[in-house]
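Have a look at the structure below, then the notes.
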Amino acid sequence: MTNWVTTGEEVEVRLQMLCHDRPVRTWGDLSHEEQCLMVNAQEHDLLPSVLWDWRTDLDQEDKLTLLPVLATALVSLINDGLIEVRQLVVDVNGSGSYEVIPCGQLPDVLADQAVWEYTDHSWIHRDEGLAIVETHAGRELSLTDRAGVPDPQSSNPYLK
């Protein structure tokens with residue numbers, strides 16, 4: 001597992017930033033990363049799909065080096081109550097369920113590069129890994145502040 005934070009003090013600061021209510025923003029207030037995450041959450045995408053859609057001007061290895069930027073944006077949306085991260089679980093009979101990842105676990109979970117990359121199984125079946133999903137508040141933001149077909153690249157300043 002790759003960790004972005006190495007000292008206990010930095011971990012404590014990051015955890016204090018999690019799970020605090022903030023004012024609801026409009027679609028136009030969201031950064032490119034946040035808009036990309038919101039579009040993917042509307043589609044109930046796995047994290048590797050988010051990484052694929054984000055910063056299409058970069059190759060996969062370059063994106064992986066910038067994961068803290070995307071993970072920080074994801075935590076911000078979670079703090080705003082717009083998205084939740086779910087661990088997909090498929091039993092031996094093929095029945096699926098999920099568990100919401102608690103806020104306190106997110107820094108460690110999102111720091112692991114493996115959760116941002118497809119396995120051979122998840123690439124084919126799309127039924128394992130971490131998915132992001134809009135909450136009710138997230139759906140309201142998407143419905144009222146954005147029109148048209150979802151396009152995670154529409155706000156990418158690196159493509160203009």
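We label chains A, B, ... in the order they appear in the structure tokens, count residues from 1 in each chain, and number ligands from 1 in the order shown.
Every protein, DNA or RNA residue with an atom at most 9 Å from Val89 in chain A, where only C-alpha atoms count and chain neighbours fewer than 3 positions away do not, is listed here: Ser95, Gly96, Ser97, Tyr98, Glu99, Asp127, Glu128 and Gly129 of chain A.
Distances from A:Glu34, A:Leu110, A:Asp29, A:Val85 to Leu67 in chain A were compared using only C-alpha atoms, and the smallest one belongs to A:Leu110.
Distances to Arg139 in chain A were evaluated for A:Ile78, A:Ala114, A:Val39, A:Val92 using only C-alpha atoms, and the minimum falls at A:Val39.
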Margin query: Need the shell around Gly138 in chain A: protein/DNA/RNA residues with any atom at most 9 Å away, counting only C-alpha atoms. Skip same-chain ones fewer than 5 positions apart. Format as a list of chain:residue names?
Written below: A:Met38, A:Ala41, A:Gln42, A:Leu77, A:Asp80, A:Gly81, A:Leu82, A:Ile83, A:Val133, A:Leu143
Checklist line | Residue nearest Leu47 in chain A - candidates A:Gln35, A:Gln113, A:Asn79, A:Thr26, atoms counted: only C-alpha atoms | finding: A:Gln113
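Going from CA of Val100 in chain A over to CA of Glu140 in chain A, you cover 20.2 Å.
The space between CA of Asn93 in chain A and CA of Val50 in chain A spans 28.0 Å.
As for CA of Leu51 in chain A and CA of Ser142 in chain A, they are spaced 20.0 Å apart.
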Item checked: helix (DSSP H, G or I) residues, from DSSP on the backbone, in range 47-142 of chain A, as a count of residues only -> 52
